[in-house]
Number of protein chains: 2
Amino acid sequence: MITLYHHWLSPASRLVRVLLTEKRMEFALRLEKEWERRPEFLTLNPAGEVPVILSTEGKPYSGVRAISEYLEETIPEPKLIPGNAEERYQVRNLVDWFHTKFGSEVTRHLVSEKLLKRFLGIGEPDSEALRCAAHNLKNHLRYIEFLTIENNYLAGGQFTMADAAAAAHITVIDYFGDIRWQDWPGAKAWYSRVKGRRSIQPLLSDRVSGLTPPSHYADIDF
Amino acid sequence: MITLYHHWLSPASRLVRVLLTEKRMEFALRLEKEWERRPEFLTLNPAGEVPVILSTEGKPYSGVRAISEYLEETIPEPKLIPGNAEERYQVRNLVDWFHTKFGSEVTRHLVSEKLLKRFLGIGEPDSEALRCAAHNLKNHLRYIEFLTIENNYLAGGQFTMADAAAAAHITVIDYFGDIRWQDWPGAKAWYSRVKGRRSIQPLLSDRVSGLTPPSHYADIDF
């Protein structure tokens with residue numbers, strides 16, 4: 001069986017978990033605290049970052065985008081980057097958006113201020129960084145509202161890698177209870193559809209020790 | 001003709017320039033100072049970042065990875081992500097490496113300390129950040145040496161998107177004269193091969209006003 005080295009705080013790891021489940025692959029999860037820089041892990045990925053997939057034959061795969069495209073090429077069904085070149089561009093553009101834009105403007109701030117500082121014991125959250133993330137988050141939720149006006153999913157009528165990438169981030173930040181879902185009915189309806197998927201459900205049962213998610217966290221109807 | 005909105009300091013823009021030239025597409029270059037946040041540019045890419053391609057029909061494409069895959073799909077020859085799924089994984093893994101690892105550990109530090117601070121008039125370069133970038137750069141040059149022990153190019157015997165992504169970064173930082181090429185004969189031989197390409201040559205004639213590159217900058221034999 002293949003092994004996925006992952007960490008709960010890593011949206012990129014969550015994305016690969018979702019892709020593997022969507023593609024109906026069996027895999028073992030292995031928690032990797034990348035900041036410990038274990039020599040054995042560095043031999044699998046010199047970049048020292050999760051996610052890493054270790055194949056049954058012992059071959060490592062790293063880099064979330066390289067892994068995502070590799071899975072799409074080697075396990076073509078169900079397609080997660082479907083359609084013609086224009087439609088596939090649209091999916092990848094949204095995946096990029098969540099990996100880079102959403103990641104740097106929202107997730108990174110919230111995870112580092114609300115969790116990493118607490119774990120590492122290096123002081124209180126920076127309220128300016130949190131305000132900034134909250135402001136940015138509203139723009140991103142507005143974008144999700146816009147994208148789902150006419151479609152059930154971000155890139156059209158079907159679940160794609162774009163939804164998986166968005167869910168990889170939103171399942172992390174919704175854990176903190178920072179999203180006022182009642183203000184975003186379209187995004188909420190989209191997220192409810194996404195939460196109902198077999199591939200997303202496992203993400204919602206993760207728990208960080210010492211930090212309880214809001215009561216709606218794992219509910220599909222919230 | 002298509003238009004590429006780019007900036008000299010953006011390795012992602014340089015990568016798209018190289019891909020378009022390798023694919024023998026004609027394009028007009030348009031300098032975009034993304035920090036000015038021009039409303040017209042934001043309508044092309046809400047993320048407000050270069051590169052953006054505007055098609056002849058006026059359709060915008062953004063996100064360097066989404067653009068790269070789109071060009072590879074719609075203009076298949078010459079292939080820049082060639083081979084079977086394993087080989088294609090390897091190319092994308094290296095592209096990822098340069099975009100994220102090399103970008104955050106080397107290019108971002110050097111560009112922001114050596115150029116942006118000067119342009120924006122916000123003080124002297126931070127010597128700690130420069131030391132850190134110089135240290136990281138050595139590790140990356142060692143990695144290029146390792147990759148080219150047995151092959152002429154980073155992912156094997158032929159020029160691929162991996163070489164284009166690496167050159168997109170290295171042509172920026174070599175401008176500052178920070179690479180002691182005599183210490184890295186393998187990387188130097190690789191860079192000499194890459195500099196000789198028709199797609200890389202135009203990058204080497206860019207000039208930043210007020211800052212002269214080292215005399216070897218545009219030379220293939222250096």
# chains A, B, ... in the order shown; residues from 1 in each chain; ligands from 1
>>> interface_residues(of="chain B", to="chain A", cutoff="6 Å", atoms="only C-alpha atoms", output="PyMOL selection string")
chain B and resi 63+66+70+89+92-93
>>> residues_around(residues="Arg108 in chain A", least_positions_apart="4", cutoff="10 Å", atoms="only C-alpha atoms", output="PDB file with all heavy atoms, in the first residue's frame")
ATOM      1  N   LEU A   9      -1.877  20.474   9.623  1.00  0.00           N
ATOM      2  CA  LEU A   9      -1.895  21.915   9.339  1.00  0.00           C
ATOM      3  C   LEU A   9      -1.585  22.224   7.884  1.00  0.00           C
ATOM      4  O   LEU A   9      -1.586  23.390   7.493  1.00  0.00           O
ATOM      5  CB  LEU A   9      -0.849  22.631  10.206  1.00  0.00           C
ATOM      6  CG  LEU A   9      -1.042  22.499  11.710  1.00  0.00           C
ATOM      7  CD1 LEU A   9       0.125  23.152  12.417  1.00  0.00           C
ATOM      8  CD2 LEU A   9      -2.359  23.143  12.116  1.00  0.00           C
ATOM      9  N   SER A  10      -1.278  21.229   7.114  1.00  0.00           N
ATOM     10  CA  SER A  10      -0.819  21.462   5.748  1.00  0.00           C
ATOM     11  C   SER A  10      -1.963  21.270   4.755  1.00  0.00           C
ATOM     12  O   SER A  10      -2.387  20.145   4.484  1.00  0.00           O
ATOM     13  CB  SER A  10       0.322  20.473   5.452  1.00  0.00           C
ATOM     14  OG  SER A  10       0.356  20.137   4.083  1.00  0.00           O
ATOM     15  N   PRO A  11      -2.478  22.359   4.186  1.00  0.00           N
ATOM     16  CA  PRO A  11      -3.531  22.229   3.178  1.00  0.00           C
ATOM     17  C   PRO A  11      -3.075  21.387   1.985  1.00  0.00           C
ATOM     18  O   PRO A  11      -3.876  20.640   1.415  1.00  0.00           O
ATOM     19  CB  PRO A  11      -3.810  23.676   2.752  1.00  0.00           C
ATOM     20  CG  PRO A  11      -3.366  24.505   3.899  1.00  0.00           C
ATOM     21  CD  PRO A  11      -2.188  23.774   4.485  1.00  0.00           C
ATOM     22  N   PHE A 102      -4.918  32.378  -1.652  1.00  0.00           N
ATOM     23  CA  PHE A 102      -5.644  32.093  -0.410  1.00  0.00           C
ATOM     24  C   PHE A 102      -4.651  31.646   0.670  1.00  0.00           C
ATOM     25  O   PHE A 102      -4.735  32.062   1.826  1.00  0.00           O
ATOM     26  CB  PHE A 102      -6.689  31.003  -0.667  1.00  0.00           C
ATOM     27  CG  PHE A 102      -7.702  30.844   0.435  1.00  0.00           C
ATOM     28  CD1 PHE A 102      -8.952  31.444   0.334  1.00  0.00           C
ATOM     29  CD2 PHE A 102      -7.418  30.089   1.558  1.00  0.00           C
ATOM     30  CE1 PHE A 102      -9.893  31.300   1.350  1.00  0.00           C
ATOM     31  CE2 PHE A 102      -8.351  29.933   2.571  1.00  0.00           C
ATOM     32  CZ  PHE A 102      -9.593  30.541   2.471  1.00  0.00           C
ATOM     33  N   GLY A 103      -3.706  30.811   0.269  1.00  0.00           N
ATOM     34  CA  GLY A 103      -2.724  30.297   1.230  1.00  0.00           C
ATOM     35  C   GLY A 103      -1.932  31.405   1.888  1.00  0.00           C
ATOM     36  O   GLY A 103      -1.797  31.439   3.114  1.00  0.00           O
ATOM     37  N   SER A 104      -1.411  32.347   1.079  1.00  0.00           N
ATOM     38  CA  SER A 104      -0.548  33.384   1.664  1.00  0.00           C
ATOM     39  C   SER A 104      -1.352  34.488   2.329  1.00  0.00           C
ATOM     40  O   SER A 104      -0.876  35.124   3.262  1.00  0.00           O
ATOM     41  CB  SER A 104       0.382  33.962   0.592  1.00  0.00           C
ATOM     42  OG  SER A 104      -0.369  34.606  -0.404  1.00  0.00           O
ATOM     43  N   SER A 112      -0.309  30.244  11.523  1.00  0.00           N
ATOM     44  CA  SER A 112       0.883  30.615  12.282  1.00  0.00           C
ATOM     45  C   SER A 112       0.513  31.397  13.540  1.00  0.00           C
ATOM     46  O   SER A 112       1.083  31.176  14.599  1.00  0.00           O
ATOM     47  CB  SER A 112       1.900  31.369  11.422  1.00  0.00           C
ATOM     48  OG  SER A 112       1.411  32.633  11.093  1.00  0.00           O
ATOM     49  N   GLU A 113      -0.490  32.262  13.460  1.00  0.00           N
ATOM     50  CA  GLU A 113      -0.845  33.061  14.639  1.00  0.00           C
ATOM     51  C   GLU A 113      -1.648  32.257  15.660  1.00  0.00           C
ATOM     52  O   GLU A 113      -1.434  32.378  16.856  1.00  0.00           O
ATOM     53  CB  GLU A 113      -1.636  34.304  14.222  1.00  0.00           C
ATOM     54  CG  GLU A 113      -0.863  35.289  13.352  1.00  0.00           C
ATOM     55  CD  GLU A 113       0.430  35.762  13.993  1.00  0.00           C
ATOM     56  OE1 GLU A 113       0.456  35.912  15.227  1.00  0.00           O
ATOM     57  OE2 GLU A 113       1.426  35.948  13.248  1.00  0.00           O
ATOM     58  N   LYS A 114      -2.577  31.459  15.176  1.00  0.00           N
ATOM     59  CA  LYS A 114      -3.483  30.781  16.112  1.00  0.00           C
ATOM     60  C   LYS A 114      -2.953  29.437  16.599  1.00  0.00           C
ATOM     61  O   LYS A 114      -3.345  28.960  17.644  1.00  0.00           O
ATOM     62  CB  LYS A 114      -4.854  30.576  15.451  1.00  0.00           C
ATOM     63  CG  LYS A 114      -5.582  31.882  15.202  1.00  0.00           C
ATOM     64  CD  LYS A 114      -7.084  31.682  15.208  1.00  0.00           C
ATOM     65  CE  LYS A 114      -7.797  33.017  15.276  1.00  0.00           C
ATOM     66  NZ  LYS A 114      -9.240  32.894  15.440  1.00  0.00           N
ATOM     67  N   ALA A 129      -2.092  40.810  12.225  1.00  0.00           N
ATOM     68  CA  ALA A 129      -2.071  39.721  11.226  1.00  0.00           C
ATOM     69  C   ALA A 129      -3.440  39.044  11.159  1.00  0.00           C
ATOM     70  O   ALA A 129      -3.923  38.706  10.077  1.00  0.00           O
ATOM     71  CB  ALA A 129      -0.988  38.695  11.579  1.00  0.00           C
ATOM     72  N   ALA A 133      -5.918  38.835   7.919  1.00  0.00           N
ATOM     73  CA  ALA A 133      -6.426  37.560   7.402  1.00  0.00           C
ATOM     74  C   ALA A 133      -7.951  37.578   7.327  1.00  0.00           C
ATOM     75  O   ALA A 133      -8.540  37.098   6.353  1.00  0.00           O
ATOM     76  CB  ALA A 133      -5.948  36.407   8.286  1.00  0.00           C
ATOM     77  N   HIS A 169      -8.018  24.095   2.138  1.00  0.00           N
ATOM     78  CA  HIS A 169      -7.769  25.289   2.961  1.00  0.00           C
ATOM     79  C   HIS A 169      -8.920  25.572   3.923  1.00  0.00           C
ATOM     80  O   HIS A 169      -8.706  25.873   5.092  1.00  0.00           O
ATOM     81  CB  HIS A 169      -7.524  26.506   2.055  1.00  0.00           C
ATOM     82  CG  HIS A 169      -6.162  26.503   1.450  1.00  0.00           C
ATOM     83  ND1 HIS A 169      -5.097  27.136   2.024  1.00  0.00           N
ATOM     84  CD2 HIS A 169      -5.683  25.901   0.339  1.00  0.00           C
ATOM     85  CE1 HIS A 169      -4.008  26.939   1.289  1.00  0.00           C
ATOM     86  NE2 HIS A 169      -4.342  26.196   0.254  1.00  0.00           N
ATOM     87  N   ILE A 173      -9.204  26.359   8.105  1.00  0.00           N
ATOM     88  CA  ILE A 173      -9.543  27.619   8.792  1.00  0.00           C
ATOM     89  C   ILE A 173     -10.917  27.571   9.454  1.00  0.00           C
ATOM     90  O   ILE A 173     -11.130  28.243  10.463  1.00  0.00           O
ATOM     91  CB  ILE A 173      -9.414  28.854   7.873  1.00  0.00           C
ATOM     92  CG1 ILE A 173     -10.388  28.780   6.711  1.00  0.00           C
ATOM     93  CG2 ILE A 173      -7.996  29.007   7.346  1.00  0.00           C
ATOM     94  CD1 ILE A 173     -10.497  30.085   5.991  1.00  0.00           C
TER      95      ILE A 173
END
>>> atom_distance(atom1="CA of Leu137 in chain B", atom2="CA of Gln201 in chain B")
22.9 Å
>>> residues_around(residues="Asp221 in chain B", least_positions_apart="3", cutoff="9 Å", atoms="only C-alpha atoms", output="tab-separated table (two decimals) with N, CA and C atoms, in the first residue's frame")
chain	number	residue	atom	x	y	z
B	192	SER	N	25.64	27.55	-19.21
B	192	SER	CA	26.18	27.97	-20.51
B	192	SER	C	25.32	27.38	-21.65
B	216	HIS	N	29.97	39.31	-17.38
B	216	HIS	CA	29.71	37.99	-17.97
B	216	HIS	C	28.22	37.72	-18.19
B	218	ALA	N	25.58	38.35	-20.05
B	218	ALA	CA	24.94	37.87	-21.29
B	218	ALA	C	25.82	36.93	-22.09
>>> select_by_dssp(residues="range 6-221 of chain A", states="strand (DSSP E or B)", output="PDB file with C-alpha atoms, in the first residue's frame")
ATOM      1  CA  HIS A   6       1.178  14.477   5.888  1.00  0.00           C
ATOM      2  CA  PHE A  27      -3.265   4.576   1.470  1.00  0.00           C
ATOM      3  CA  ALA A  28      -1.752   4.689   4.934  1.00  0.00           C
ATOM      4  CA  LEU A  29      -1.405   8.074   6.606  1.00  0.00           C
ATOM      5  CA  ARG A  30       1.779   8.906   8.435  1.00  0.00           C
ATOM      6  CA  LEU A  31       2.042  12.091  10.485  1.00  0.00           C
ATOM      7  CA  VAL A  52       5.166  13.082   0.272  1.00  0.00           C
ATOM      8  CA  ILE A  53       3.747   9.916  -1.246  1.00  0.00           C
ATOM      9  CA  LEU A  54       5.792   6.743  -0.898  1.00  0.00           C
ATOM     10  CA  PRO A  60       8.903   8.949  -3.159  1.00  0.00           C
ATOM     11  CA  TYR A  61       6.836  11.681  -4.826  1.00  0.00           C
ATOM     12  CA  SER A  62       6.844  15.255  -3.547  1.00  0.00           C
ATOM     13  CA  TYR A 153     -18.982  23.689  -7.973  1.00  0.00           C
ATOM     14  CA  GLY A 156     -18.697  24.253 -13.250  1.00  0.00           C
ATOM     15  CA  VAL A 208      -5.744  19.135  17.167  1.00  0.00           C
ATOM     16  CA  LEU A 211      -8.182  22.972  20.481  1.00  0.00           C
TER      17      LEU A 211
END
